[in-house]
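**Q** Mind having a look at this structure? Questions to follow.
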Amino acid sequence: MKLIFDNTTLDLKPNGKSYIATFDGKTATVEILRTEKGKLDLLIDGKRVIAYVSADNAKRWVTVDGRTFLLTKSSGAKRRGAGGDQASGLTAPMPGLVRSVNVVEGESVTKGQTLMVLEAMKMEIRIHAPMDGVVKSLAVKVGQTVEREQELIKVESQTSKV
Amino acid sequence: MKLIFDNTTLDLKPNGKSYIATFDGKTATVEILRTEKGKLDLLIDGKRVIAYVSADNAKRWVTVDGRTFLLTKSSGAKRRGAGGDQASGLTAPMPGLVRSVNVVEGESVTKGQTLMVLEAMKMEIRIHAPMDGVVKSLAVKVGQTVEREQELIKVESQTSKV
Amino acid sequence: MFKKILIANRGEIAIRIMRACKELGAKTVAVYSDADKNSMHAQLADEAIHIGDSSPKQSYLNADVLIQAALASQADAIHPGYGFLSENASFAGTVDSAHLTFIGPSADSIRAMGDKAESKIRMKKAGVPTVPGFEGLESESDFKKAAEEIGYPVLVKAAAGGGGKGMRVVNQPEELHEAIESARGEASNAFGDDRLLVEKYIPNAHHIEFQVFGDQHGHLVHLFERECSTQRRYQKIIEETPSPLLTPELRKQMGEAAVNAARAVNYYNAGTIEFIFDPSLSTPALSGDEGFYFLEMNTRLQVEHPITELTTGLDLVQWQIRVAAGERFPYSQEQLTQRGHAIECRVYAEDPANGFFPSTGKLLQYIEPRGPGIRVDSGFRAGDEVSHFYDPLLAKLIVFGESRETAIQKMQAALREFVAHGVTTNIDFMQDVLSHEDFTSGKVSTKWVENKFNWKPSTPTFESLIAASLADLTIVNRPSSIVNEHDPFSPWKNPNGFRN
Amino acid sequence: MFKKILIANRGEIAIRIMRACKELGAKTVAVYSDADKNSMHAQLADEAIHIGDSSPKQSYLNADVLIQAALASQADAIHPGYGFLSENASFAGTVDSAHLTFIGPSADSIRAMGDKAESKIRMKKAGVPTVPGFEGLESESDFKKAAEEIGYPVLVKAAAGGGGKGMRVVNQPEELHEAIESARGEASNAFGDDRLLVEKYIPNAHHIEFQVFGDQHGHLVHLFERECSTQRRYQKIIEETPSPLLTPELRKQMGEAAVNAARAVNYYNAGTIEFIFDPSLSTPALSGDEGFYFLEMNTRLQVEHPITELTTGLDLVQWQIRVAAGERFPYSQEQLTQRGHAIECRVYAEDPANGFFPSTGKLLQYIEPRGPGIRVDSGFRAGDEVSHFYDPLLAKLIVFGESRETAIQKMQAALREFVAHGVTTNIDFMQDVLSHEDFTSGKVSTKWVENKFNWKPSTPTFESLIAASLADLTIVNRPSSIVNEHDPFSPWKNPNGFRN
């Protein structure tokens with residue numbers, strides 16, 4: 001079977017008590033020694049590997065050998081936004097206060113330009129343009145408090161306008 | 001409702017959000033602030049009490065205020081052996097080796113007398129007579145290994161012979 | 001000694017203080033906001049009092065409600081911890097007025113050190129070195145003279161300044177004219193005030209601070225230094241003691257300056273004198289310049305106090321409580337010694353790959369390292385929520401080793417054992433800082449993380465992908481089997497509601 | 001330095017050693033018996049090898065299988081821990097023959113100290129004080145002369161003796177005749193050998209031991225004492241350092257004797273010289289008697305080594321590994337200092353109300369205390385089984401405080417926080433020992449628990465009965481909701497079997 005995490009695909013084939021894992025041209029024989037909640041004790045090519053794994057919807061936190069990786073599991077369908085989105089809506093990464101709005105609707109912006117500044121957890125959070133484009137709509141104004149994931153501003157890609 | 005632990009009976013009456021607990025002439029008002037697995041956060045007569053409780057069949061381990069008590073919950077029926085047993089069978093408290101047998105069948109013994117000695121965990125474990133009486137039967141001999149709870153010896157109460 | 005102490009704080013520091021109270025036989029009162037109603041600190045106290053909603057202003061910064069809570073619970077003292085109201089002179093005064101004891105310095109000491117400009121003048125008077133510089137300059141020739149007296153490079157900066165605006169580094173006299181012009185313009189635009197000052201520019205400044213401690217009977221000592229140069233966003237992330245940069249002579253000199261600074265404001269209880277340190281002046285005596293300069297004083301317990309505790313053998317929080325109760329601090333300067341080496345790593349829920357942006361969420365797994373020489377001061381358990389209301393500090397991981405080398409080894413082993421899932425943390429980042437040769441050679445300055453250390457998270461290893469895949473095959477598909485929601489330390493199930 | 005170390009032990013000490021290995025960058029190999037297949041020590045190692053069934057003889061005492069495991073895993077050294085084969089000279093020799101390094105002293109040193117009678121003669125020759133006494137006495141007048149020379153009270157005891165048989169305390173000359181007669185008769189009956197000896201009787205003997213440490217280059221020092229007089233069944237339960245009984249002079253004298261004792265057997269690595277100490281001779285110089293007497297040497301790491309680590313700042317296990325690898329121990333006797341006070345409580349699964357009888361079962365809840373100055377060395381988690389195969393030590397709870405008083409306070413607070421359900425423990429018992437005035441005044445001798453301390457468990461409080469009742473009402477009736485079987489650290493669910 002194939003498992004896709006972010007942009008990488010791992011192939012896992014049962015082989016008796018073990019599995020054969022293939023990824024990026026590499027192959028390994030894997031045996032599960034034990035499992036318990038959130039923890040795997042594996043034998044990968046004869047080397048004992050303890051892994052901590054946690055799941056939250058599609059997200060997977062994996063700690064192996066003292067390093068933690070955050071992977072996103074994909075169902076195998078086309079990945080969201082891969083080349084498709086023409087207008088990009090930017091949302092608040094956490095609850096906060098809109099401290100400044102630096103653009104107006106219809107304004108041309110360049111990738112990386114600061115569009116607005118939020119204040120949350122005593123920090124300034126700058127919202128940058130994800131691409132060259134035009135501000136299509138502004139959903140908030142200065143002084144407004146916003147919730148996590150609340151839409152702030154929509155930027156339309158320049159390429160779609162040409 | 002009444003709850004019996006060992007020889008003591010506690011009475012617990014619901015009273016709105018609280019309970020009224022009565023025991024040995026004492027009365028207290030109890031409120032449950034929170035519970036989680038194995039832990040209770042209580043308000044007893046206005047004082048916050050954190051209690052850890054674990055159950056294993058009828059056994060209850062309770063830790064309150066840094067002290068741990070082992071209670072045995074009774075169903076309320078007559079307690080086992082209370083005045084009833086005439087012949088008492090003694091069992092091995094843990095697996096071990098019978099190192100010596102100090103009595104023979106039919107011998108009169110006095111309460112507290114050492115009947116046999118087991119060896120387990122590098123320790124000598126002395127099996128004492130639970131009462132004045134007579135050795136009714138010996139179930140093991142020197143050199144034999146015994147399992148936990150295996151019967152070792154039966155002592156018959158003297159009172160039943162008189 | 002106090003019978004009952006209210007702790008006007010939350011998280012790891014509230015818990016740290018409670019432990020000290022318990023050992024001294026004092027009962028503890030916790031306070032908590034809405035967001036903290038399931039938090040560890042509220043559960044560990046003898047009493048817990050709800051003080052308001054989740055915003056700090058409505059709870060931990062609300063002096064009135066804190067005083068009321070202390071009076072209602074019949075506490076006889078308040079420990080403010082760090083942050084929140086700990087350096088608020090008027091709070092300290094209000095506590096006194098309510099006939100409660102403030103576990104910290106006097107309101108006057110807090111006030112004297114609270115105004116940064118005023119305190120600098122006061123320190124100069126007390127003979128404590130401050131960054132060499134000149135104010136009130138008018139003509140360009142005044143600037144030139146001043147720069148020459150200080151010695152190049154110098155910093156021309158807006159007197160009203162902040163945030164790097166109106167600030168120019170001048171390496172040689174030829175650059176001075178343009179620097180003044182442009183800084184003046186920027187200052188005028190940014191602050192409406194074009195006054196400039198000139199001061200010594202320290203290219204690779206280190207932050208070295210001294211712990212001071214005094215009792216109410218006039219006895220005042222220092223408890224040696226802490227090297228706190230590993231910072232991001234002007235916030236410390238790794239602290240250690242002793243500093244790899246100090247010679248015994250310099251340590252003595254700086255320690256004396258720290259005591260003088262504290263004495264100048266009649267300081268008692270625990271406090272910290274922060275210095276800017278210039279590592280290029282390795283033989284300060286020759287240069288005629290001390291090489292260290294008073295930056296500010298923190299008039300409260302410091303976040304990184306544990307490394308001082310491990311190397312001096314003292315319990316600073318117990319002593320804070322004892323001296324607040326009027327006890328004498330019994331050790332003379334000569335009796336105090338440093339032994340071994342201690343390091344603290346601040347484990348934050350934040351994303352080092354994304355500007356150290358705070359990360360919030362539920363801790364799906366949370367396993368702290370343990371073992372000899374490892375101390376973890378924390379206020380979280382698996383299942384707890386890391387909210388956006390407060391500082392995203394998950395834990396302070398502190399190690400003790402005989403030498404700097406063994407302490408670094410121990411910290412590396414401990415960081416590798418730390419598992420925190422559900423939020424992004426700086427654990428991997430700190431591992432890479434600790435193994436960087438700039439760190440091992442003691443060359444990390446306060447701007448190093450931003451200017452020199454170009455950190456990238458490692459790409460997922462083959463092994464991690466295998467583990468994620470097998471977890472899905474063997475565990476994830478069974479409902480809720482990965483997440484620890486059955487952990488005995490998970491948040492309260494709360495079947496009966498919580499008493500406010 | 002070694003690349004890979006096999007740890008020929010189990011439980012807390014195996015884990016303690018693994019942490020030291022990891023910090024030194026060495027890989028670890030654990031070994032485990034059937035009973036330990038789910039144990040923590042087997043999980044924390046880089047590799048784990050099954051070595052036999054649950055009985056120690058078939059596993060941890062099986063030298064051949066241990067050596068095979070070391071060779072098979074390509075380990076280059078073996079750490080024996082304490083107990084099991086740690087003081088087995090022939091095992092140490094076999095390890096050498098297999099071209100592996102034994103992390104401990106030489107086989108010759110172990111052998112020389114292994115024979116208790118021989119070692120005592122050797123110590124006498126080396127000028128180390130032993131209990132004053134005379135052997136080979138014939139006539140009653142010989143006994144009288146000997147007793148007078150020693151000074152009353154004396155002990156008349158069987159030369160072949162043990163277990164208190166053939167032993168009489170003689171307080172004055174008039175009692176001597178009858179004591180000799182009765183002891184001789186008892187000795188003859190018990191051992192078939194009626195030879196008697198006379199030695200000094202020490203009524204309230206303390207057990208004070210000195211940690212020694214040496215490298216393979218002839219450098220040998222002591223790391224001060226440990227007071228280990230709180231015992232039951234001749235086994236230590238509470239240890240502390242410094243001893244409340246020693247003066248600096250006496251400490252120096254005993255330390256020198258300890259180093260002499262170790263030097264007499266060309267000792268290197270960690271070792272312990274145990275002394276019997278007579279507290280009645282508070283001014284030994286006046287009495288012409290040292291007041292301390294060599295008892296035996298433990299030629300391995302001691303269970304209670306952590307208290308020495310906390311007060312000297314050294315990591316003894318790291319140094320064991322380093323000196324085994326040939327490194328020099330870098331500290332001179334003068335550089336070594338004691339700081340603060342450390343106490344260890346051995347938390348046993350045993351019933352103090354029933355002759356300290358071991359208790360076995362499953363740990364239904366298991367919560368170790370934590371906080372600044374608290375160290376817990378343990379090998380158990382909630383859900384683990386405490387089996388009858390091995391020593392019932394659950395954990396070593398170790399605290400550090402600035403003074404003896406603060407250390408006792410910290411230990412009391414820590415014991416009160418310790419929750420262990422499913423087995424009976426000595427936690428409450430130790431709380432009561434620590435708060436007894438004989439303990440706080442340092443008067444607990446080795447027989448105190450049996451002869452003087454008449455401990456009774458407290459009767460269940462009203463509050464505990466209320467808690468038990470409410471737990472039944474609110475929790476117990478929901479299936480399996482009290483017991484922590486969903487704890488993430490509970491035994492392996494083992495869906496795929498375990499690889500042997």
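As shown in the structure tokens, the chain order sets the letters A, B, ...; within each chain, residues go from 1, and ligands are also counted from 1 in the order they appear.
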Quick one: pick out all strand (DSSP E) residues within stretch 253-492 of chain D from a backbone DSSP run and write them as a PyMOL selection string.
**A** chain D and resi 269-277+292-298+341-348+350-351+357-358+361-362+365-367+374-378+385-386+393-401+419-421
**Q** Using only C-alpha atoms, which chain A residues lie at most 8 Å away from chain D, written as a ChimeraX atom specification?
**A** /A:32-38,48
**Q** Could you dump the residues just selected with N, CA, C and O atoms as a PDB file, in the first residue's frame?
**A**
ATOM      1  N   ILE A  32       7.657  -4.881  13.535  1.00  0.00           N
ATOM      2  CA  ILE A  32       7.098  -4.213  14.716  1.00  0.00           C
ATOM      3  C   ILE A  32       7.379  -5.087  15.930  1.00  0.00           C
ATOM      4  O   ILE A  32       6.922  -6.220  16.005  1.00  0.00           O
ATOM      5  N   LEU A  33       8.166  -4.570  16.863  1.00  0.00           N
ATOM      6  CA  LEU A  33       8.439  -5.342  18.078  1.00  0.00           C
ATOM      7  C   LEU A  33       7.256  -5.224  19.034  1.00  0.00           C
ATOM      8  O   LEU A  33       6.793  -6.205  19.586  1.00  0.00           O
ATOM      9  N   ARG A  34       6.810  -4.005  19.262  1.00  0.00           N
ATOM     10  CA  ARG A  34       5.642  -3.784  20.107  1.00  0.00           C
ATOM     11  C   ARG A  34       5.011  -2.449  19.745  1.00  0.00           C
ATOM     12  O   ARG A  34       5.655  -1.574  19.187  1.00  0.00           O
ATOM     13  N   THR A  35       3.785  -2.312  20.171  1.00  0.00           N
ATOM     14  CA  THR A  35       3.148  -1.006  20.061  1.00  0.00           C
ATOM     15  C   THR A  35       2.468  -0.722  21.384  1.00  0.00           C
ATOM     16  O   THR A  35       2.062  -1.634  22.102  1.00  0.00           O
ATOM     17  N   GLU A  36       2.382   0.520  21.738  1.00  0.00           N
ATOM     18  CA  GLU A  36       1.500   0.919  22.815  1.00  0.00           C
ATOM     19  C   GLU A  36       0.973   2.281  22.408  1.00  0.00           C
ATOM     20  O   GLU A  36       1.402   2.844  21.395  1.00  0.00           O
ATOM     21  N   LYS A  37       0.035   2.773  23.175  1.00  0.00           N
ATOM     22  CA  LYS A  37      -0.597   4.030  22.809  1.00  0.00           C
ATOM     23  C   LYS A  37       0.435   5.107  22.500  1.00  0.00           C
ATOM     24  O   LYS A  37       1.196   5.528  23.356  1.00  0.00           O
ATOM     25  N   GLY A  38       0.472   5.542  21.239  1.00  0.00           N
ATOM     26  CA  GLY A  38       1.345   6.638  20.880  1.00  0.00           C
ATOM     27  C   GLY A  38       2.802   6.287  20.716  1.00  0.00           C
ATOM     28  O   GLY A  38       3.634   7.167  20.523  1.00  0.00           O
ATOM     29  N   ARG A  48      17.064  -1.096  16.281  1.00  0.00           N
ATOM     30  CA  ARG A  48      15.887  -0.819  17.081  1.00  0.00           C
ATOM     31  C   ARG A  48      15.553   0.674  17.031  1.00  0.00           C
ATOM     32  O   ARG A  48      16.425   1.509  17.282  1.00  0.00           O
TER      33      ARG A  48
END
**Q** For chain C, which residue out of D:Glu149, D:Ile17, D:Gln333, D:Val131 is the nearest one, using only C-alpha atoms?
**A**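 Among the listed residues, the smallest separation from chain C belongs to D:Ile17.
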**Q** From a DSSP pass on the backbone, collect the residues of stretch 93-183 of chain D flagged as helix (DSSP H, G or I) and hand them back as a ChimeraX atom specification.
**A** /D:93-97,107-114,116-125,140-150,173-183
**Q** Let me make sure I understand: among B:Leu115, B:Leu70, B:Ala139, B:Ala28, which one has the smallest atom-to-atom distance to D:Asp351 if we use only C-alpha atoms?
**A**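 Once distances to D:Asp351 are computed over only C-alpha atoms, the minimum belongs to B:Leu70.
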**Q** Atom CA of D:Asn38 and atom CA of B:Thr63, how far apart in Å?
**A**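 Taking atom CA of B:Thr63 and atom CA of D:Asn38, their separation equals 27.1 Å.
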**Q** Neighbouring residues of B:Lys111 were defined as those with any atom within 8 Å, considering only C-alpha atoms; residues of the same chain fewer than 4 positions away were excluded. Please report them as an NGL selection string.
**A** :B and (128-133)
**Q** For B:Trp61, find every residue with an atom within 6 Å (counting only C-alpha atoms), except residues of its own chain fewer than 6 positions away, and show them as JSON, numbers by chain.
**A** {"B": [53, 54, 69, 70], "D": [421]}
**Q** Convert the current residue selection to file output with C-alpha atoms, as an mmCIF file, in the first residue's frame.
**A**
data_model
loop_
_atom_site.group_PDB
_atom_site.id
_atom_site.type_symbol
_atom_site.label_atom_id
_atom_site.label_comp_id
_atom_site.auth_asym_id
_atom_site.auth_seq_id
_atom_site.Cartn_x
_atom_site.Cartn_y
_atom_site.Cartn_z
ATOM 1 C CA VAL B 53 -8.366 5.993 45.038
ATOM 2 C CA SER B 54 -7.647 2.688 43.303
ATOM 3 C CA PHE B 69 -4.892 3.278 53.609
ATOM 4 C CA LEU B 70 -5.856 -0.131 52.304
ATOM 5 C CA HIS D 421 -1.384 1.798 44.971
#
**Q** If we count only C-alpha atoms and set the cut-off at 9 Å, which residues sit around C:Glu463, ignoring sequence neighbours fewer than 6 positions away in its own chain? Please answer as a list in words.
**A**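 Counting only the stated atoms, we get Ile44, Val49, Ala51 and Val64 of chain A.
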**Q** I'd like the interatomic distance between atom CA of D:Ala42 and atom CA of D:Ala30, to a tenth of an Å.
**A**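 Interatomic distance, atom CA of D:Ala42 to atom CA of D:Ala30: 5.5 Å.
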